[in-house]
Amino acid sequence: MAFSFRSALRAFVLVAGIVPAAAMAAWPEKPITLIVPWAAGGSTDILARMLSEQMTKTYGQPVIVENRSGASGNIGSAFVARSEPDGYTLLIGSMSTHTMNEALYDNMPFDGVKSFTPIAELALVTNTMVVNPSLPVNNVKEFIDYAKANPEKIAYASAGPGSTNHLSAAMFEKATGVKMVHIPYRGGAPAVLDTVADRTQVLFSAGTQTLPHVQAKKLKLLAVTEESRSPLLSDIPTVAETVPGYSMAVWYGAFGPAGMDPELVAKLNTEINRILTLPEVKKKMGDMGVLVMQSTPEGFAKTVAADAQKYSAIVRELGIKAQ
């Protein structure tokens with residue numbers, strides 16, 4: 001009779017999809033995959049590989065980084081959204097995929113908020129406003145005055161329609177009343193290079209792409225776009241110091257598919273937060289203009305939900321569509 005009861009209970013557990021405590025305690029029992037929905041070599045990829053190295057040491061199982069790029073991050077993100085919520089397939093995502101793409105694309109393969117389990121906010125990317133040195137401006141106010149005196153004579157570059165570069169500039173135009181010309185490119189690298197070459201004159205982009213050119217005096221750094229000054233560039237003002245209310249914050253985060261066990265999420269959050277405090281991780285990311293973070297799953301979930309509401313509304317208001 002006892003055997004029958006145990007058998008029935010085991011069958012119920014399997015059918016209901018409940019993970020026994022012993023199985024959770026044994027996790028991980030096989031390799032873990034970190035999906036990066038962007039090409040190799042970028043800051044998300046570099047961060048993912050540092051996480052994978054440390055997580056492999058901690059868990060005793062290979063943690064493999066896999067790049068699945070395309071469709072502005074949608075391809076790799078959709079793969080994770082469709083995966084089992086067992087902790088073996090995770091996403092190293094970015095703000096744009098989870099908060100903007102829903103409004104940019106007509107047929108999204110996932111919901112940026114509902115299709116995922118937020119695990120940890122990983123980092124804030126120092127987002128910069130830079131100009132070609134040919135422009136006779138040294139700060140945001142001078143830029144606004146010059147742009148208003150020369151309507152539609154300044155071109156701004158972007159990584160394509162609907163990119164954070166595009167949205168940052170469009171928000172700036174709306175907030176200040178300046179009129180510029182949008183020149184979209186197929187990626188951030190050519191947008192930066194053409195701003196250096198003076199084919200375009202202004203660019204809102206991650207410091208990972210712009211700061212080396214600023215240091216080489218090929219671009220001029222006017223401001224950062226976050227709400228408050230970056231600890232990595234504390235002497236550089238924010239756009240909001242001249243344009244009250246302006247803010248564009250670009251973050252990276254770790255996600256799993258929706259429905260992950262809260263105990264497993266907490267376990268991953270603790271490990272990721274530990275890795276992000278390591279001096280070598282903080283230095284390497286800081287050198288690229290990326291500020292590593294500490295977060296709880298609940299706090300990160302609130303950030304994702306709030307930013308999804310904020311930026312999707314802005315995208316729709318501005319009438320921006322991905323192409």
# chains A, B, ... in the order shown; residues from 1 in each chain; ligands from 1
$ residues_around --residues "Ser94 of chain A" --least-positions-apart "5" --cutoff "7 Å" --atoms "only C-alpha atoms" --output "VMD selection string"
chain A and resid 251 to 253
$ select_by_dssp --residues "segment 14-77 of chain A" --states "strand (DSSP E or B)" --output "ChimeraX atom specification"
/A:32-36,63-67
$ closest_atom_pairs --of "segment 167-226 of chain A" --to "segment 61-80 of chain A" --cutoff "12 Å" --atoms "only C-alpha atoms" --output "JSON lines"
{"residue": "A:Arg186", "atom": "CA", "partner": "A:Ser72", "partner_atom": "CA", "distance": 10.8}
{"residue": "A:Gly187", "atom": "CA", "partner": "A:Ser72", "partner_atom": "CA", "distance": 9.8}
{"residue": "A:Gly188", "atom": "CA", "partner": "A:Ser72", "partner_atom": "CA", "distance": 11.8}
$ write_last_selection --atoms "C-alpha atoms" --output "CSV table (one decimal), in the first residue's frame"
chain,number,residue,atom,x,y,z
A,186,ARG,CA,23.6,49.0,-40.2
A,187,GLY,CA,25.1,48.9,-36.7
A,188,GLY,CA,26.9,51.0,-34.2
$ residues_around --residues "segment 287-295 of chain A" --least-positions-apart "2" --cutoff "9 Å" --atoms "only C-alpha atoms" --output "VMD selection string"
chain A and resid 43 119 to 127 206 to 209 211 to 212 230 to 233 269 272 to 274 276 to 277 281 to 285 297 to 300
$ residues_around --residues "segment 146-152 of chain A" --least-positions-apart "5" --cutoff "10 Å" --atoms "only C-alpha atoms" --output "short mmCIF file (atom, residue, chain, number, x, y, z; two decimals) with N, CA, C and O atoms, in the first residue's frame"
data_model
loop_
_atom_site.label_atom_id
_atom_site.label_comp_id
_atom_site.auth_asym_id
_atom_site.auth_seq_id
_atom_site.Cartn_x
_atom_site.Cartn_y
_atom_site.Cartn_z
N LEU A 135 32.32 70.82 -34.98
CA LEU A 135 31.24 71.66 -34.46
C LEU A 135 31.81 72.62 -33.41
O LEU A 135 32.51 72.19 -32.48
N PRO A 136 31.50 73.90 -33.52
CA PRO A 136 32.04 74.90 -32.58
C PRO A 136 31.25 74.94 -31.27
O PRO A 136 30.74 75.99 -30.86
N VAL A 137 31.15 73.79 -30.61
CA VAL A 137 30.40 73.70 -29.36
C VAL A 137 31.20 72.90 -28.34
O VAL A 137 31.96 72.00 -28.72
N VAL A 140 26.28 71.11 -23.88
CA VAL A 140 24.95 70.85 -24.42
C VAL A 140 24.23 72.15 -24.77
O VAL A 140 23.56 72.24 -25.82
N LYS A 141 24.36 73.17 -23.93
CA LYS A 141 23.69 74.44 -24.23
C LYS A 141 24.20 75.04 -25.53
O LYS A 141 23.41 75.51 -26.37
N GLU A 173 15.63 65.83 -29.65
CA GLU A 173 14.97 66.79 -30.55
C GLU A 173 13.64 67.25 -29.96
O GLU A 173 13.33 68.44 -29.97
N THR A 176 14.13 69.57 -26.85
CA THR A 176 14.80 70.87 -27.04
C THR A 176 14.22 71.70 -28.18
O THR A 176 14.47 72.91 -28.25
N GLY A 177 13.50 71.05 -29.09
CA GLY A 177 12.96 71.77 -30.24
C GLY A 177 13.94 71.92 -31.39
O GLY A 177 13.62 72.59 -32.39
N VAL A 178 15.11 71.30 -31.30
CA VAL A 178 16.06 71.38 -32.42
C VAL A 178 15.62 70.42 -33.53
O VAL A 178 14.92 69.44 -33.27
N LYS A 179 16.04 70.70 -34.75
CA LYS A 179 15.72 69.84 -35.89
C LYS A 179 17.01 69.38 -36.55
O LYS A 179 17.80 70.19 -37.03
N MET A 180 17.21 68.06 -36.53
CA MET A 180 18.41 67.48 -37.12
C MET A 180 18.01 66.48 -38.20
O MET A 180 16.83 66.17 -38.38
N VAL A 181 18.99 65.94 -38.89
CA VAL A 181 18.76 64.95 -39.94
C VAL A 181 19.25 63.59 -39.44
O VAL A 181 20.39 63.48 -38.97
N HIS A 182 18.40 62.58 -39.53
CA HIS A 182 18.76 61.25 -39.07
C HIS A 182 19.42 60.45 -40.19
O HIS A 182 18.86 60.30 -41.27
#
$ atom_distance --atom1 "atom CA of Met260 of chain A" --atom2 "atom CA of Pro28 of chain A"
14.0 Å
$ closest_residue --among "A:Ala189, A:Gly60, A:Pro85, A:Val214" --to "Gly42 of chain A" --atoms "only C-alpha atoms"
A:Ala189
$ closest_residue --among "A:Glu226, A:Glu280, A:Ala197, A:Lys217" --to "Met50 of chain A" --atoms "only C-alpha atoms"
A:Glu280
$ residues_around --residues "segment 153-161 of chain A" --least-positions-apart "4" --cutoff "8 Å" --atoms "only C-alpha atoms" --output "list in words"
Ala147, Asn165, His166, Ala169, Met180, Val181, His182, Ile183, Pro184, Tyr185, Arg186, Gly187, Gly188, Ala189, Pro190, Ala191, Val192, Asp194, Thr195, Arg199, Thr200, Gln201, Val202, Leu203, Phe204, Ile320, Lys321, Ala322 and Gln323 of chain A
$ write_last_selection --atoms "N, CA and C atoms" --output "CSV table (one decimal), in the first residue's frame"
chain,number,residue,atom,x,y,z
A,147,ALA,N,22.4,74.3,-33.0
A,147,ALA,CA,21.5,73.6,-33.8
A,147,ALA,C,20.3,74.4,-34.2
A,165,ASN,N,20.4,54.6,-30.1
A,165,ASN,CA,21.0,55.8,-30.7
A,165,ASN,C,19.9,56.7,-31.2
A,166,HIS,N,19.0,56.1,-32.0
A,166,HIS,CA,17.9,56.8,-32.7
A,166,HIS,C,17.0,57.4,-31.7
A,169,ALA,N,18.4,60.4,-29.7
A,169,ALA,CA,18.4,61.6,-30.5
A,169,ALA,C,17.0,62.2,-30.7
A,180,MET,N,17.2,68.1,-36.5
A,180,MET,CA,18.4,67.5,-37.1
A,180,MET,C,18.0,66.5,-38.2
A,181,VAL,N,19.0,65.9,-38.9
A,181,VAL,CA,18.8,64.9,-39.9
A,181,VAL,C,19.3,63.6,-39.4
A,182,HIS,N,18.4,62.6,-39.5
A,182,HIS,CA,18.8,61.2,-39.1
A,182,HIS,C,19.4,60.5,-40.2
A,183,ILE,N,20.6,59.9,-39.9
A,183,ILE,CA,21.3,59.1,-40.9
A,183,ILE,C,21.5,57.7,-40.2
A,184,PRO,N,20.7,56.7,-40.6
A,184,PRO,CA,20.8,55.4,-40.0
A,184,PRO,C,21.8,54.5,-40.7
A,185,TYR,N,22.5,53.7,-39.9
A,185,TYR,CA,23.5,52.8,-40.4
A,185,TYR,C,23.1,51.4,-40.0
A,186,ARG,N,23.8,50.4,-40.5
A,186,ARG,CA,23.6,49.0,-40.2
A,186,ARG,C,24.5,48.6,-39.1
A,187,GLY,N,24.3,49.2,-37.9
A,187,GLY,CA,25.1,48.9,-36.7
A,187,GLY,C,25.8,50.1,-36.2
A,188,GLY,N,26.3,49.9,-34.9
A,188,GLY,CA,26.9,51.0,-34.2
A,188,GLY,C,28.3,51.4,-34.7
A,189,ALA,N,29.1,50.4,-35.2
A,189,ALA,CA,30.5,50.7,-35.6
A,189,ALA,C,30.5,51.7,-36.7
A,190,PRO,N,29.8,51.5,-37.8
A,190,PRO,CA,29.8,52.5,-38.9
A,190,PRO,C,29.3,53.8,-38.5
A,191,ALA,N,28.3,53.9,-37.6
A,191,ALA,CA,27.8,55.1,-37.1
A,191,ALA,C,28.8,55.9,-36.4
A,192,VAL,N,29.6,55.3,-35.6
A,192,VAL,CA,30.7,55.9,-34.9
A,192,VAL,C,31.8,56.4,-35.9
A,194,ASP,N,31.6,57.2,-39.0
A,194,ASP,CA,31.2,58.3,-39.9
A,194,ASP,C,31.0,59.6,-39.1
A,195,THR,N,30.8,59.5,-37.8
A,195,THR,CA,30.8,60.7,-36.9
A,195,THR,C,32.3,61.2,-36.7
A,199,ARG,N,31.1,62.9,-41.5
A,199,ARG,CA,30.0,62.7,-42.4
A,199,ARG,C,28.6,62.9,-41.6
A,200,THR,N,28.7,62.6,-40.3
A,200,THR,CA,27.6,63.0,-39.4
A,200,THR,C,28.3,63.7,-38.3
A,201,GLN,N,27.5,64.6,-37.6
A,201,GLN,CA,28.2,65.5,-36.6
A,201,GLN,C,27.9,65.1,-35.2
A,202,VAL,N,26.8,64.4,-34.9
A,202,VAL,CA,26.5,64.1,-33.5
A,202,VAL,C,26.0,62.6,-33.4
A,203,LEU,N,26.3,62.0,-32.2
A,203,LEU,CA,25.9,60.6,-32.0
A,203,LEU,C,25.7,60.5,-30.5
A,204,PHE,N,24.6,59.8,-30.2
A,204,PHE,CA,24.3,59.4,-28.8
A,204,PHE,C,24.6,57.8,-28.8
A,320,ILE,N,8.2,55.9,-34.1
A,320,ILE,CA,9.4,55.2,-34.6
A,320,ILE,C,9.1,53.8,-34.9
A,321,LYS,N,9.5,53.2,-36.0
A,321,LYS,CA,9.4,51.8,-36.3
A,321,LYS,C,10.7,51.2,-36.8
A,322,ALA,N,11.0,50.0,-36.4
A,322,ALA,CA,12.2,49.3,-36.9
A,322,ALA,C,12.0,49.0,-38.4
A,323,GLN,N,13.1,48.9,-39.1
A,323,GLN,CA,13.0,48.5,-40.5
A,323,GLN,C,13.9,47.3,-40.8
$ select_by_dssp --residues "segment 33-187 of chain A" --states "alpha helix (DSSP H)" --output "ChimeraX atom specification"
/A:43-59,74-81,95-99,101-104,140-149,164-176
$ closest_residue --among "A:Thr117, A:Glu142, A:Thr97, A:Gly162" --to "Pro262 of chain A" --atoms "only C-alpha atoms"
A:Thr117
$ decode --residues "segment 151-252 of chain A" --atoms "C-alpha atoms" --output "mmCIF file, in the first residue's frame"
data_model
loop_
_atom_site.group_PDB
_atom_site.id
_atom_site.type_symbol
_atom_site.label_atom_id
_atom_site.label_comp_id
_atom_site.auth_asym_id
_atom_site.auth_seq_id
_atom_site.Cartn_x
_atom_site.Cartn_y
_atom_site.Cartn_z
ATOM 1 C CA PRO A 151 18.088 73.827 -38.465
ATOM 2 C CA GLU A 152 18.455 70.495 -40.303
ATOM 3 C CA LYS A 153 22.135 71.200 -41.019
ATOM 4 C CA ILE A 154 23.391 68.835 -38.327
ATOM 5 C CA ALA A 155 23.175 65.096 -39.029
ATOM 6 C CA TYR A 156 23.026 62.500 -36.275
ATOM 7 C CA ALA A 157 24.054 58.893 -36.781
ATOM 8 C CA SER A 158 22.371 55.788 -35.407
ATOM 9 C CA ALA A 159 22.705 52.021 -35.557
ATOM 10 C CA GLY A 160 19.389 51.941 -37.414
ATOM 11 C CA PRO A 161 15.759 52.968 -36.979
ATOM 12 C CA GLY A 162 14.551 52.118 -33.509
ATOM 13 C CA SER A 163 18.043 51.715 -31.998
ATOM 14 C CA THR A 164 18.872 53.355 -28.679
ATOM 15 C CA ASN A 165 21.002 55.848 -30.651
ATOM 16 C CA HIS A 166 17.944 56.805 -32.697
ATOM 17 C CA LEU A 167 15.621 57.018 -29.705
ATOM 18 C CA SER A 168 18.123 59.087 -27.680
ATOM 19 C CA ALA A 169 18.445 61.643 -30.477
ATOM 20 C CA ALA A 170 14.709 61.739 -31.226
ATOM 21 C CA MET A 171 13.992 62.336 -27.527
ATOM 22 C CA PHE A 172 16.595 65.124 -27.532
ATOM 23 C CA GLU A 173 14.970 66.785 -30.551
ATOM 24 C CA LYS A 174 11.539 66.651 -28.916
ATOM 25 C CA ALA A 175 12.799 67.982 -25.581
ATOM 26 C CA THR A 176 14.800 70.868 -27.042
ATOM 27 C CA GLY A 177 12.962 71.774 -30.244
ATOM 28 C CA VAL A 178 16.056 71.381 -32.423
ATOM 29 C CA LYS A 179 15.718 69.838 -35.886
ATOM 30 C CA MET A 180 18.407 67.477 -37.120
ATOM 31 C CA VAL A 181 18.759 64.947 -39.938
ATOM 32 C CA HIS A 182 18.757 61.245 -39.067
ATOM 33 C CA ILE A 183 21.334 59.080 -40.871
ATOM 34 C CA PRO A 184 20.768 55.396 -40.000
ATOM 35 C CA TYR A 185 23.497 52.772 -40.396
ATOM 36 C CA ARG A 186 23.585 48.992 -40.186
ATOM 37 C CA GLY A 187 25.135 48.877 -36.746
ATOM 38 C CA GLY A 188 26.910 51.031 -34.216
ATOM 39 C CA ALA A 189 30.455 50.716 -35.579
ATOM 40 C CA PRO A 190 29.841 52.493 -38.918
ATOM 41 C CA ALA A 191 27.763 55.140 -37.114
ATOM 42 C CA VAL A 192 30.732 55.928 -34.872
ATOM 43 C CA LEU A 193 33.228 55.913 -37.734
ATOM 44 C CA ASP A 194 31.180 58.295 -39.859
ATOM 45 C CA THR A 195 30.823 60.681 -36.919
ATOM 46 C CA VAL A 196 34.600 60.572 -36.513
ATOM 47 C CA ALA A 197 34.908 61.250 -40.275
ATOM 48 C CA ASP A 198 32.472 64.224 -40.013
ATOM 49 C CA ARG A 199 29.952 62.669 -42.380
ATOM 50 C CA THR A 200 27.606 62.964 -39.415
ATOM 51 C CA GLN A 201 28.160 65.455 -36.621
ATOM 52 C CA VAL A 202 26.521 64.081 -33.485
ATOM 53 C CA LEU A 203 25.946 60.646 -31.982
ATOM 54 C CA PHE A 204 24.273 59.353 -28.821
ATOM 55 C CA SER A 205 25.975 56.040 -28.120
ATOM 56 C CA ALA A 206 27.467 53.754 -25.491
ATOM 57 C CA GLY A 207 30.824 54.799 -24.113
ATOM 58 C CA THR A 208 32.108 51.368 -25.094
ATOM 59 C CA GLN A 209 32.054 52.671 -28.671
ATOM 60 C CA THR A 210 32.776 56.385 -28.250
ATOM 61 C CA LEU A 211 35.254 56.835 -25.391
ATOM 62 C CA PRO A 212 38.330 55.487 -27.247
ATOM 63 C CA HIS A 213 37.702 58.140 -29.921
ATOM 64 C CA VAL A 214 37.172 60.801 -27.256
ATOM 65 C CA GLN A 215 40.519 59.884 -25.705
ATOM 66 C CA ALA A 216 42.118 60.128 -29.166
ATOM 67 C CA LYS A 217 40.500 63.598 -29.559
ATOM 68 C CA LYS A 218 38.604 62.447 -32.633
ATOM 69 C CA LEU A 219 35.261 63.031 -30.901
ATOM 70 C CA LYS A 220 34.198 65.592 -28.314
ATOM 71 C CA LEU A 221 32.255 64.369 -25.266
ATOM 72 C CA LEU A 222 29.486 66.784 -24.246
ATOM 73 C CA ALA A 223 27.427 64.804 -21.764
ATOM 74 C CA VAL A 224 26.098 61.474 -20.528
ATOM 75 C CA THR A 225 22.425 60.662 -20.956
ATOM 76 C CA GLU A 226 21.576 59.007 -17.628
ATOM 77 C CA GLU A 227 19.525 60.799 -14.976
ATOM 78 C CA SER A 228 22.612 61.320 -12.790
ATOM 79 C CA ARG A 229 26.330 61.555 -13.463
ATOM 80 C CA SER A 230 28.254 58.362 -14.034
ATOM 81 C CA PRO A 231 30.754 57.399 -11.295
ATOM 82 C CA LEU A 232 33.033 56.413 -14.174
ATOM 83 C CA LEU A 233 32.932 59.954 -15.641
ATOM 84 C CA SER A 234 32.043 62.071 -12.643
ATOM 85 C CA ASP A 235 33.294 65.329 -14.184
ATOM 86 C CA ILE A 236 31.049 64.977 -17.256
ATOM 87 C CA PRO A 237 27.585 66.601 -16.935
ATOM 88 C CA THR A 238 24.319 64.924 -17.800
ATOM 89 C CA VAL A 239 22.095 66.120 -20.624
ATOM 90 C CA ALA A 240 19.424 66.633 -17.951
ATOM 91 C CA GLU A 241 21.515 69.360 -16.296
ATOM 92 C CA THR A 242 20.687 71.457 -19.364
ATOM 93 C CA VAL A 243 17.487 69.728 -20.517
ATOM 94 C CA PRO A 244 15.463 68.906 -17.367
ATOM 95 C CA GLY A 245 13.713 65.556 -17.489
ATOM 96 C CA TYR A 246 15.845 64.076 -20.257
ATOM 97 C CA SER A 247 17.037 60.555 -19.434
ATOM 98 C CA MET A 248 18.160 57.498 -21.372
ATOM 99 C CA ALA A 249 19.655 54.701 -19.268
ATOM 100 C CA VAL A 250 20.896 51.557 -21.006
ATOM 101 C CA TRP A 251 21.223 48.435 -18.857
ATOM 102 C CA TYR A 252 22.186 44.794 -19.295
#
